[in-house]
>>> print(open('start_12.cif').read())   # mmCIF, C-alpha atoms
data_structure
loop_
_atom_site.label_atom_id
_atom_site.label_comp_id
_atom_site.auth_asym_id
_atom_site.auth_seq_id
_atom_site.Cartn_x
_atom_site.Cartn_y
_atom_site.Cartn_z
CA MET A 275 -52.94 30.97 -87.74
CA LEU A 276 -54.75 27.99 -86.28
CA THR A 277 -52.24 25.39 -85.06
CA LEU A 278 -52.84 21.73 -84.28
CA HIS A 279 -50.38 20.18 -81.83
CA HIS A 280 -50.54 16.59 -82.99
CA LEU A 281 -49.20 13.60 -81.05
CA GLU A 282 -48.53 10.51 -83.17
CA THR A 283 -50.96 7.58 -82.79
CA SER A 284 -53.38 9.57 -80.66
CA ARG A 285 -56.87 11.03 -80.50
CA SER A 286 -55.44 14.06 -82.26
CA GLN A 287 -55.99 12.30 -85.59
CA ARG A 288 -59.73 13.01 -85.36
CA ILE A 289 -58.99 16.75 -85.22
CA LEU A 290 -56.63 16.50 -88.17
CA TRP A 291 -59.37 14.78 -90.18
CA LEU A 292 -61.88 17.52 -89.28
CA LEU A 293 -59.46 20.29 -90.24
CA GLU A 294 -58.93 18.65 -93.60
CA GLU A 295 -62.69 18.32 -94.13
CA LEU A 296 -63.22 21.99 -93.30
CA GLN A 297 -60.33 22.93 -95.61
CA LEU A 298 -59.03 25.41 -93.08
CA PRO A 299 -55.55 26.90 -93.29
CA TYR A 300 -53.62 25.53 -90.31
CA GLU A 301 -50.15 24.73 -89.09
CA LEU A 302 -49.39 21.15 -88.03
CA LYS A 303 -46.84 20.55 -85.27
CA VAL A 304 -46.12 16.85 -84.83
CA TYR A 305 -44.84 15.41 -81.54
CA GLU A 306 -43.29 11.96 -81.23
CA ARG A 307 -43.96 9.67 -78.29
CA ASP A 308 -41.15 8.64 -75.99
CA LYS A 309 -39.81 5.43 -77.54
CA ALA A 310 -39.48 3.69 -74.17
CA THR A 311 -42.61 4.82 -72.31
CA ARG A 312 -44.84 5.68 -75.31
CA LEU A 313 -45.89 8.80 -73.38
CA ALA A 314 -46.26 12.30 -74.79
CA PRO A 315 -43.09 14.43 -74.71
CA PRO A 316 -42.67 17.20 -72.10
CA ALA A 317 -42.82 19.78 -74.90
CA LEU A 318 -46.61 19.48 -75.00
CA LYS A 319 -46.80 20.93 -71.47
CA LYS A 320 -45.46 24.15 -72.89
CA VAL A 321 -48.64 24.36 -74.96
CA HIS A 322 -51.13 23.21 -72.30
CA PRO A 323 -50.49 22.34 -68.62
CA LEU A 324 -51.92 18.83 -69.02
CA GLY A 325 -49.33 17.98 -71.65
CA LYS A 326 -51.82 15.97 -73.70
CA SER A 327 -52.92 15.94 -77.32
CA PRO A 328 -54.96 17.07 -79.15
CA VAL A 329 -54.45 20.73 -78.45
CA ILE A 330 -55.12 23.60 -80.82
CA THR A 331 -54.28 27.26 -80.63
CA ASP A 332 -56.42 29.78 -82.48
CA ASN A 333 -56.72 33.53 -82.21
CA GLY A 334 -54.55 33.59 -79.11
CA GLU A 335 -56.56 30.94 -77.26
CA VAL A 336 -55.63 27.36 -76.36
CA PHE A 337 -58.20 24.59 -76.64
CA ALA A 338 -57.81 21.07 -75.26
CA GLU A 339 -60.00 17.92 -75.16
CA SER A 340 -61.22 16.36 -78.39
CA GLY A 341 -64.93 17.01 -77.89
CA ALA A 342 -64.41 20.65 -76.94
CA ILE A 343 -62.09 21.19 -79.91
CA ILE A 344 -64.51 19.58 -82.34
CA GLU A 345 -67.39 21.70 -81.04
CA TYR A 346 -65.30 24.86 -81.26
CA LEU A 347 -64.19 24.17 -84.83
CA VAL A 348 -67.69 23.27 -86.01
CA GLU A 349 -69.32 26.24 -84.30
CA THR A 350 -66.66 28.65 -85.57
CA TYR A 351 -65.85 27.33 -89.04
CA GLY A 352 -68.38 24.64 -89.88
CA GLN A 353 -71.00 26.61 -91.79
CA GLN A 354 -70.92 24.85 -95.17
CA PRO A 355 -74.55 24.65 -96.33
CA ASP A 356 -73.71 23.63 -99.90
CA SER A 357 -71.61 20.56 -99.04
CA ASP A 358 -72.10 17.20 -97.37
CA LEU A 359 -70.80 18.90 -94.21
CA ALA A 360 -74.01 20.92 -93.90
CA HIS A 361 -75.19 18.85 -90.91
CA LEU A 362 -72.00 18.76 -88.85
CA GLN A 363 -74.02 20.27 -86.01
CA PRO A 364 -77.62 19.03 -86.34
CA ALA A 365 -80.45 21.38 -85.49
CA PRO A 366 -81.35 21.33 -81.76
CA GLY A 367 -84.43 19.31 -80.91
CA THR A 368 -84.05 16.90 -83.84
CA PRO A 369 -83.37 13.15 -83.53
CA ALA A 370 -80.03 13.72 -85.27
CA HIS A 371 -79.06 16.29 -82.64
CA ARG A 372 -79.87 13.87 -79.82
CA GLN A 373 -77.92 11.07 -81.50
CA CYS A 374 -75.00 13.40 -82.14
CA ARG A 375 -74.91 14.50 -78.51
CA PHE A 376 -75.05 10.89 -77.29
CA TRP A 377 -72.16 9.65 -79.43
CA MET A 378 -70.06 12.73 -78.67
CA HIS A 379 -70.25 11.79 -74.98
CA TYR A 380 -70.22 8.01 -75.38
CA ALA A 381 -66.89 7.97 -77.22
CA GLU A 382 -64.87 9.22 -74.24
CA GLY A 383 -67.33 8.77 -71.38
CA SER A 384 -67.83 5.02 -71.82
CA LEU A 385 -66.12 3.35 -74.75
CA MET A 386 -62.56 4.66 -74.55
CA ASN A 387 -62.27 3.64 -70.89
CA TRP A 388 -62.42 -0.04 -71.86
CA LEU A 389 -60.24 0.41 -74.93
CA VAL A 390 -57.51 2.11 -72.90
CA MET A 391 -57.71 -0.60 -70.24
CA LYS A 392 -57.35 -3.23 -72.96
CA LEU A 393 -54.20 -1.55 -74.21
CA VAL A 394 -52.72 -1.13 -70.73
CA PHE A 395 -53.44 -4.63 -69.41
CA GLY A 396 -52.22 -6.13 -72.66
CA SER A 397 -48.90 -4.30 -72.42
CA ILE A 398 -48.09 -4.79 -68.72
CA PRO A 399 -46.67 -8.33 -69.09
CA THR A 400 -44.28 -7.08 -71.77
CA GLN A 401 -42.71 -4.43 -69.52
CA PRO A 402 -39.33 -4.96 -67.79
CA MET A 403 -39.74 -6.86 -64.52
CA PRO A 404 -38.07 -9.70 -62.57
CA PHE A 405 -38.55 -12.99 -64.42
CA PHE A 406 -40.38 -14.60 -61.49
CA VAL A 407 -42.94 -11.77 -61.44
CA ARG A 408 -43.84 -12.02 -65.12
CA PRO A 409 -46.06 -15.17 -64.87
CA VAL A 410 -47.99 -13.57 -62.01
CA ALA A 411 -48.42 -10.31 -63.91
CA ARG A 412 -49.52 -12.19 -67.02
CA ALA A 413 -52.05 -14.24 -65.07
CA ILE A 414 -53.54 -11.17 -63.36
CA CYS A 415 -53.74 -9.17 -66.58
CA THR A 416 -55.28 -12.06 -68.49
CA GLY A 417 -57.87 -12.55 -65.76
CA VAL A 418 -58.83 -8.87 -65.71
CA GLN A 419 -59.19 -8.86 -69.48
CA GLN A 420 -61.25 -12.03 -69.65
CA ARG A 421 -63.58 -11.25 -66.74
CA LEU A 422 -63.96 -7.48 -66.97
CA ILE A 423 -62.56 -5.74 -70.03
CA ASP A 424 -63.45 -8.17 -72.84
CA PRO A 425 -67.11 -8.65 -71.83
CA ASN A 426 -67.64 -4.89 -71.64
CA LEU A 427 -65.91 -4.37 -74.98
CA ALA A 428 -68.03 -7.11 -76.54
CA THR A 429 -71.19 -5.36 -75.33
CA ALA A 430 -69.99 -2.03 -76.69
CA VAL A 431 -69.03 -3.46 -80.07
CA ALA A 432 -72.37 -5.25 -80.42
CA PHE A 433 -74.16 -2.01 -79.55
CA ILE A 434 -72.23 -0.02 -82.16
CA GLU A 435 -72.62 -2.75 -84.77
CA ALA A 436 -76.40 -2.77 -84.32
CA HIS A 437 -76.59 1.03 -84.52
CA LEU A 438 -74.50 1.20 -87.68
CA GLY A 439 -76.76 -1.41 -89.22
CA GLN A 440 -79.49 1.26 -89.16
CA HIS A 441 -77.46 4.42 -89.83
CA ALA A 442 -74.80 5.32 -92.40
CA TRP A 443 -73.20 7.74 -89.94
CA PHE A 444 -73.51 7.88 -86.16
CA ALA A 445 -76.24 10.53 -86.02
CA GLY A 446 -78.10 9.48 -89.16
CA PRO A 447 -77.70 9.70 -92.94
CA GLU A 448 -75.28 12.68 -92.87
CA ILE A 449 -71.85 13.00 -91.36
CA THR A 450 -71.80 15.03 -88.13
CA MET A 451 -69.23 16.02 -85.54
CA ALA A 452 -70.08 12.79 -83.70
CA ASP A 453 -68.35 10.86 -86.46
CA PHE A 454 -65.09 12.69 -85.88
CA GLN A 455 -65.34 12.08 -82.13
CA MET A 456 -66.12 8.38 -82.65
CA SER A 457 -63.52 7.83 -85.38
CA PHE A 458 -60.63 7.14 -83.03
CA ALA A 459 -62.77 4.80 -80.91
CA VAL A 460 -63.81 2.87 -84.03
CA GLU A 461 -60.18 2.47 -85.07
CA ALA A 462 -59.17 1.41 -81.55
CA ALA A 463 -62.06 -1.07 -81.27
CA LEU A 464 -61.13 -2.73 -84.55
CA SER A 465 -57.54 -2.93 -83.33
CA ARG A 466 -58.18 -4.21 -79.80
CA ALA A 467 -61.64 -5.78 -79.41
CA SER A 468 -61.39 -9.46 -80.29
CA LYS A 469 -64.66 -9.78 -82.25
CA ALA A 470 -64.80 -6.34 -83.84
CA GLY A 471 -63.24 -7.59 -87.05
CA ALA A 472 -66.25 -9.85 -87.58
CA CYS A 473 -68.70 -6.92 -87.55
CA PRO A 474 -69.66 -6.03 -91.14
CA ASN A 475 -71.38 -2.75 -90.26
CA LEU A 476 -68.41 -1.53 -88.25
CA LEU A 477 -66.03 -2.48 -91.04
CA ALA A 478 -68.24 -0.80 -93.64
CA TYR A 479 -68.30 2.36 -91.53
CA LYS A 480 -64.49 2.36 -91.37
CA GLN A 481 -64.39 1.99 -95.15
CA ARG A 482 -66.70 5.00 -95.52
CA MET A 483 -64.34 7.05 -93.36
CA GLU A 484 -61.27 5.90 -95.24
CA ALA A 485 -62.88 6.66 -98.60
CA ARG A 486 -63.12 10.36 -97.80
CA PRO A 487 -60.27 12.35 -99.38
CA ALA A 488 -59.95 14.52 -96.27
CA TYR A 489 -59.46 11.44 -94.11
CA GLN A 490 -56.77 10.20 -96.46
CA ARG A 491 -55.00 13.55 -96.34
CA GLY A 492 -55.10 13.46 -92.55
CA ILE A 493 -53.51 10.02 -92.44
CA ALA A 494 -50.84 11.11 -94.91
CA LYS A 495 -49.94 14.07 -92.70
CA GLY A 496 -50.44 12.59 -89.23
CA GLY A 497 -49.50 8.94 -89.60
CA PRO A 498 -51.23 5.80 -88.21
CA VAL A 499 -54.20 6.34 -85.93
CA VAL A 500 -53.82 3.88 -83.06
CA MET A 501 -51.28 1.77 -81.26
CA SER A 502 -52.03 -1.95 -81.31
CA ALA A 503 -52.64 -3.80 -78.07
#
>>> encode(input="start_12.cif", output="C-alpha coordinates")
Amino acid sequence: MLTLHHLETSRSQRILWLLEELQLPYELKVYERDKATRLAPPALKKVHPLGKSPVITDNGEVFAESGAIIEYLVETYGQQPDSDLAHLQPAPGTPAHRQCRFWMHYAEGSLMNWLVMKLVFGSIPTQPMPFFVRPVARAICTGVQQRLIDPNLATAVAFIEAHLGQHAWFAGPEITMADFQMSFAVEAALSRASKAGACPNLLAYKQRMEARPAYQRGIAKGGPVVMSA
(Lines of atoms letter the chains of each structure in order from A and count residues from 1; the text may use other names and numbers.)
(Lines give C-alpha, C1' and ligand atoms only; values in the text may rest on other atoms or scores of the structure.)
Protein backbone atom coordinates (compact mmCIF):
# COMPACT_ATOMS: atom_id res chain seq x y z
CA MET A 1 0.00 0.00 0.00
CA LEU A 2 1.08 3.56 -0.66
CA THR A 3 2.42 5.14 2.55
CA LEU A 4 2.93 8.82 3.33
CA HIS A 5 5.54 9.55 5.98
CA HIS A 6 4.17 12.83 7.29
CA LEU A 7 6.07 15.27 9.51
CA GLU A 8 3.87 17.67 11.48
CA THR A 9 3.82 21.32 10.31
CA SER A 10 5.78 20.58 7.16
CA ARG A 11 5.64 20.55 3.37
CA SER A 12 4.22 17.06 3.68
CA GLN A 13 0.75 18.58 4.11
CA ARG A 14 0.61 19.34 0.38
CA ILE A 15 1.04 15.62 -0.37
CA LEU A 16 -1.64 14.70 2.14
CA TRP A 17 -4.04 17.11 0.43
CA LEU A 18 -3.26 15.61 -3.00
CA LEU A 19 -3.79 12.06 -1.75
CA GLU A 20 -7.16 13.06 -0.36
CA GLU A 21 -8.12 14.72 -3.66
CA LEU A 22 -7.15 11.61 -5.61
CA GLN A 23 -9.07 9.45 -3.12
CA LEU A 24 -6.29 6.91 -3.07
CA PRO A 25 -6.02 4.22 -0.41
CA TYR A 26 -2.93 5.04 1.65
CA GLU A 27 -1.39 4.60 5.05
CA LEU A 28 -0.44 7.72 7.03
CA LYS A 29 2.53 7.58 9.39
CA VAL A 30 2.85 10.77 11.42
CA TYR A 31 6.18 11.93 12.88
CA GLU A 32 6.46 14.56 15.59
CA ARG A 33 9.18 17.20 15.60
CA ASP A 34 11.71 17.32 18.40
CA LYS A 35 10.14 19.64 20.98
CA ALA A 36 13.43 21.44 21.68
CA THR A 37 14.99 21.73 18.22
CA ARG A 38 11.81 21.49 16.07
CA LEU A 39 13.78 19.18 13.77
CA ALA A 40 12.54 15.96 12.21
CA PRO A 41 13.09 12.82 14.31
CA PRO A 42 15.88 10.35 13.44
CA ALA A 43 13.22 7.76 12.54
CA LEU A 44 12.70 9.43 9.17
CA LYS A 45 16.26 8.50 8.16
CA LYS A 46 15.18 4.89 8.29
CA VAL A 47 12.78 5.70 5.44
CA HIS A 48 15.09 7.93 3.37
CA PRO A 49 18.76 8.83 3.99
CA LEU A 50 18.01 12.57 4.05
CA GLY A 51 15.64 12.15 6.97
CA LYS A 52 13.22 14.74 5.60
CA SER A 53 9.50 14.85 4.89
CA PRO A 54 7.52 14.39 2.73
CA VAL A 55 8.48 10.88 1.75
CA ILE A 56 6.21 8.27 0.24
CA THR A 57 6.70 4.59 -0.40
CA ASP A 58 4.77 2.89 -3.18
CA ASN A 59 5.21 -0.44 -4.91
CA GLY A 60 8.53 -1.01 -3.18
CA GLU A 61 10.00 2.35 -4.17
CA VAL A 62 10.79 5.39 -2.03
CA PHE A 63 10.08 8.89 -3.32
CA ALA A 64 11.30 12.12 -1.73
CA GLU A 65 10.98 15.85 -2.56
CA SER A 66 7.55 17.45 -2.83
CA GLY A 67 7.68 18.28 -6.53
CA ALA A 68 8.88 14.82 -7.52
CA ILE A 69 6.22 13.17 -5.35
CA ILE A 70 3.45 15.33 -6.77
CA GLU A 71 4.54 14.58 -10.33
CA TYR A 72 4.73 10.85 -9.59
CA LEU A 73 1.27 10.74 -8.01
CA VAL A 74 -0.34 12.77 -10.80
CA GLU A 75 1.35 10.80 -13.57
CA THR A 76 0.51 7.46 -11.94
CA TYR A 77 -2.92 8.05 -10.41
CA GLY A 78 -4.17 11.41 -11.65
CA GLN A 79 -6.25 10.39 -14.66
CA GLN A 80 -9.69 11.66 -13.64
CA PRO A 81 -11.26 13.09 -16.82
CA ASP A 82 -14.76 13.39 -15.37
CA SER A 83 -13.85 15.52 -12.34
CA ASP A 84 -12.43 18.96 -11.65
CA LEU A 85 -9.06 17.20 -11.35
CA ALA A 86 -8.99 16.56 -15.10
CA HIS A 87 -6.27 19.19 -15.64
CA LEU A 88 -3.88 18.28 -12.83
CA GLN A 89 -1.20 17.90 -15.49
CA PRO A 90 -1.99 20.36 -18.31
CA ALA A 91 -1.33 19.32 -21.89
CA PRO A 92 2.27 20.05 -23.00
CA GLY A 93 2.66 23.15 -25.13
CA THR A 94 -0.33 24.96 -23.63
CA PRO A 95 -0.16 28.19 -21.60
CA ALA A 96 -1.49 26.26 -18.60
CA HIS A 97 1.37 23.77 -18.90
CA ARG A 98 3.94 26.57 -18.95
CA GLN A 99 2.33 28.26 -15.95
CA CYS A 100 2.15 24.97 -14.09
CA ARG A 101 5.82 24.26 -14.73
CA PHE A 102 6.82 27.76 -13.59
CA TRP A 103 4.94 27.62 -10.27
CA MET A 104 6.10 24.07 -9.57
CA HIS A 105 9.69 25.35 -9.69
CA TYR A 106 9.08 28.79 -8.19
CA ALA A 107 7.63 27.42 -4.96
CA GLU A 108 10.87 25.79 -3.81
CA GLY A 109 13.42 27.38 -6.14
CA SER A 110 12.71 30.99 -5.14
CA LEU A 111 9.90 31.63 -2.69
CA MET A 112 10.56 29.10 0.08
CA ASN A 113 14.17 30.28 0.44
CA TRP A 114 12.99 33.64 1.77
CA LEU A 115 10.20 32.13 3.86
CA VAL A 116 12.61 29.73 5.56
CA MET A 117 15.08 32.56 6.20
CA LYS A 118 12.28 34.60 7.74
CA LEU A 119 11.48 31.75 10.11
CA VAL A 120 15.12 31.14 11.03
CA PHE A 121 16.15 34.76 11.60
CA GLY A 122 12.97 35.39 13.55
CA SER A 123 13.68 32.49 15.89
CA ILE A 124 17.41 32.98 16.53
CA PRO A 125 17.00 35.69 19.22
CA THR A 126 14.68 33.39 21.16
CA GLN A 127 17.23 30.57 21.42
CA PRO A 128 19.29 29.95 24.59
CA MET A 129 22.39 32.17 24.67
CA PRO A 130 24.34 34.35 27.13
CA PHE A 131 22.27 37.39 28.09
CA PHE A 132 24.89 39.83 26.78
CA VAL A 133 24.81 38.18 23.34
CA ARG A 134 21.04 38.41 22.90
CA PRO A 135 20.88 42.16 22.04
CA VAL A 136 23.59 41.67 19.42
CA ALA A 137 21.84 38.65 17.94
CA ARG A 138 18.53 40.50 17.89
CA ALA A 139 20.07 43.52 16.18
CA ILE A 140 21.78 41.40 13.50
CA CYS A 141 18.67 39.33 12.81
CA THR A 142 16.44 42.39 12.65
CA GLY A 143 18.84 44.07 10.24
CA VAL A 144 18.99 41.03 7.95
CA GLN A 145 15.22 40.80 7.91
CA GLN A 146 14.64 44.49 7.24
CA ARG A 147 17.31 44.90 4.55
CA LEU A 148 17.26 41.54 2.79
CA ILE A 149 14.47 39.13 3.67
CA ASP A 150 11.45 41.44 4.00
CA PRO A 151 12.03 43.34 0.72
CA ASN A 152 12.36 40.09 -1.21
CA LEU A 153 9.27 38.66 0.45
CA ALA A 154 7.33 41.83 -0.33
CA THR A 155 8.29 41.51 -4.01
CA ALA A 156 7.26 37.86 -4.05
CA VAL A 157 3.92 38.50 -2.35
CA ALA A 158 3.11 41.37 -4.72
CA PHE A 159 3.96 39.13 -7.68
CA ILE A 160 1.69 36.33 -6.44
CA GLU A 161 -1.09 38.75 -5.55
CA ALA A 162 -1.07 40.22 -9.07
CA HIS A 163 -1.08 36.76 -10.67
CA LEU A 164 -3.98 35.53 -8.55
CA GLY A 165 -5.89 38.63 -9.52
CA GLN A 166 -5.98 37.20 -13.05
CA HIS A 167 -6.25 33.46 -12.33
CA ALA A 168 -8.46 31.40 -10.01
CA TRP A 169 -5.71 28.79 -9.67
CA PHE A 170 -1.99 29.13 -10.30
CA ALA A 171 -2.00 27.72 -13.83
CA GLY A 172 -5.37 29.09 -14.90
CA PRO A 173 -9.07 28.38 -14.32
CA GLU A 174 -8.56 24.74 -13.22
CA ILE A 175 -6.67 23.31 -10.30
CA THR A 176 -3.35 21.71 -11.29
CA MET A 177 -0.45 20.09 -9.50
CA ALA A 178 1.11 23.55 -9.21
CA ASP A 179 -1.55 24.43 -6.65
CA PHE A 180 -0.51 21.58 -4.39
CA GLN A 181 3.14 22.59 -4.70
CA MET A 182 2.34 26.25 -3.97
CA SER A 183 -0.11 25.53 -1.14
CA PHE A 184 2.50 25.31 1.59
CA ALA A 185 4.23 28.46 0.34
CA VAL A 186 0.92 30.34 0.37
CA GLU A 187 0.26 29.26 3.95
CA ALA A 188 3.81 30.19 5.00
CA ALA A 189 3.63 33.58 3.25
CA LEU A 190 0.39 34.46 5.01
CA SER A 191 1.98 33.42 8.30
CA ARG A 192 5.34 35.17 7.90
CA ALA A 193 5.26 37.95 5.28
CA SER A 194 4.21 41.17 6.98
CA LYS A 195 1.89 42.51 4.25
CA ALA A 196 0.49 39.23 2.94
CA GLY A 197 -2.60 39.51 5.12
CA ALA A 198 -3.58 42.67 3.24
CA CYS A 199 -3.65 40.88 -0.13
CA PRO A 200 -7.28 40.08 -1.06
CA ASN A 201 -6.41 37.78 -3.97
CA LEU A 202 -4.02 35.72 -1.86
CA LEU A 203 -6.58 35.45 0.92
CA ALA A 204 -9.30 34.49 -1.54
CA TYR A 205 -7.04 31.79 -2.97
CA LYS A 206 -6.47 30.38 0.53
CA GLN A 207 -10.23 30.34 1.06
CA ARG A 208 -10.68 28.38 -2.18
CA MET A 209 -8.17 25.81 -0.96
CA GLU A 210 -9.76 25.56 2.46
CA ALA A 211 -13.23 25.14 0.96
CA ARG A 212 -12.25 21.89 -0.73
CA PRO A 213 -13.40 18.84 1.26
CA ALA A 214 -10.15 17.01 0.48
CA TYR A 215 -8.13 19.88 1.93
CA GLN A 216 -10.24 19.80 5.07
CA ARG A 217 -9.73 16.06 5.42
CA GLY A 218 -5.99 16.53 5.05
CA ILE A 219 -5.90 19.12 7.82
CA ALA A 220 -7.99 16.89 10.06
CA LYS A 221 -5.53 14.02 9.59
CA GLY A 222 -2.23 15.91 9.41
CA GLY A 223 -2.70 18.89 11.69
CA PRO A 224 -1.68 22.56 11.18
CA VAL A 225 0.29 23.38 8.06
CA VAL A 226 3.03 25.78 9.11
CA MET A 227 4.98 26.94 12.11
CA SER A 228 4.64 30.65 12.84
CA ALA A 229 7.69 32.89 12.72
>>> resolve_selection(input="start_12.cif", expression="the PyMOL selection byres ((chain A and resi 447-463) around 6)", output="list in words")
Arg285, Arg288, His361, Leu362, Cys374, Trp377, Met378, Ala381, Ala442, Trp443, Phe444, Gly446, Leu464, Ser465, Arg466 and Ala467 of chain A
>>> closest_residue(input="start_12.cif", among="A:Pro425, A:Gly352, A:Gly417, A:Pro364", to="Gln297 in chain A", atoms="only C-alpha atoms")
A:Gly352
>>> closest_residue(input="start_12.cif", among="A:Ala370, A:Ala365, A:Ile343, A:Leu278", to="Val321 in chain A", atoms="all atoms listed in the file")
A:Leu278
>>> resolve_selection(input="start_12.cif", expression="the PyMOL selection byres ((chain A and resi 305) around 8)", output="NGL selection string")
:A and (279-282 or 303-304 or 306-307 or 314-315 or 318)
>>> atom_distance(input="start_12.cif", atom1="CA of Pro355 in chain A", atom2="CA of Leu302 in chain A")
26.7 Å
>>> closest_residue(input="start_12.cif", among="A:Val499, A:Val418, A:Leu296, A:Ile423", to="Glu484 in chain A", atoms="only C-alpha atoms")
A:Val499
>>> closest_residue(input="start_12.cif", among="A:Trp291, A:Phe395, A:Tyr380, A:Phe405", to="Ala430 in chain A", atoms="only C-alpha atoms")
A:Tyr380
>>> residues_around(input="start_12.cif", residues="range 485-493 of chain A", least_positions_apart="3", cutoff="8 Å", atoms="all atoms listed in the file", output="PyMOL selection string")
chain A and resi 287+290-292+294-295+481-482+496-499
>>> atom_distance(input="start_12.cif", atom1="CA of Gly341 in chain A", atom2="CA of Leu427 in chain A")
21.6 Å
>>> closest_residue(input="start_12.cif", among="A:Met403, A:Leu438, A:Ala494, A:Cys415", to="Asn475 in chain A", atoms="all atoms listed in the file")
A:Leu438
>>> residues_around(input="start_12.cif", residues="Gly325 in chain A", least_positions_apart="2", cutoff="10 Å", atoms="all atoms listed in the file", output="list in words")
Leu313, Ala314, Pro315, Pro316, Ala317, Leu318, Lys319, Lys320, Val321, His322, Pro323, Ser327, Pro328, Val329 and Ala338 of chain A
>>> atom_distance(input="start_12.cif", atom1="CA of Ala470 in chain A", atom2="CA of Asp424 in chain A")
11.2 Å
>>> closest_residue(input="start_12.cif", among="A:Leu293, A:Ala360, A:His379, A:Trp388", to="Tyr346 in chain A", atoms="all atoms listed in the file")
A:Leu293
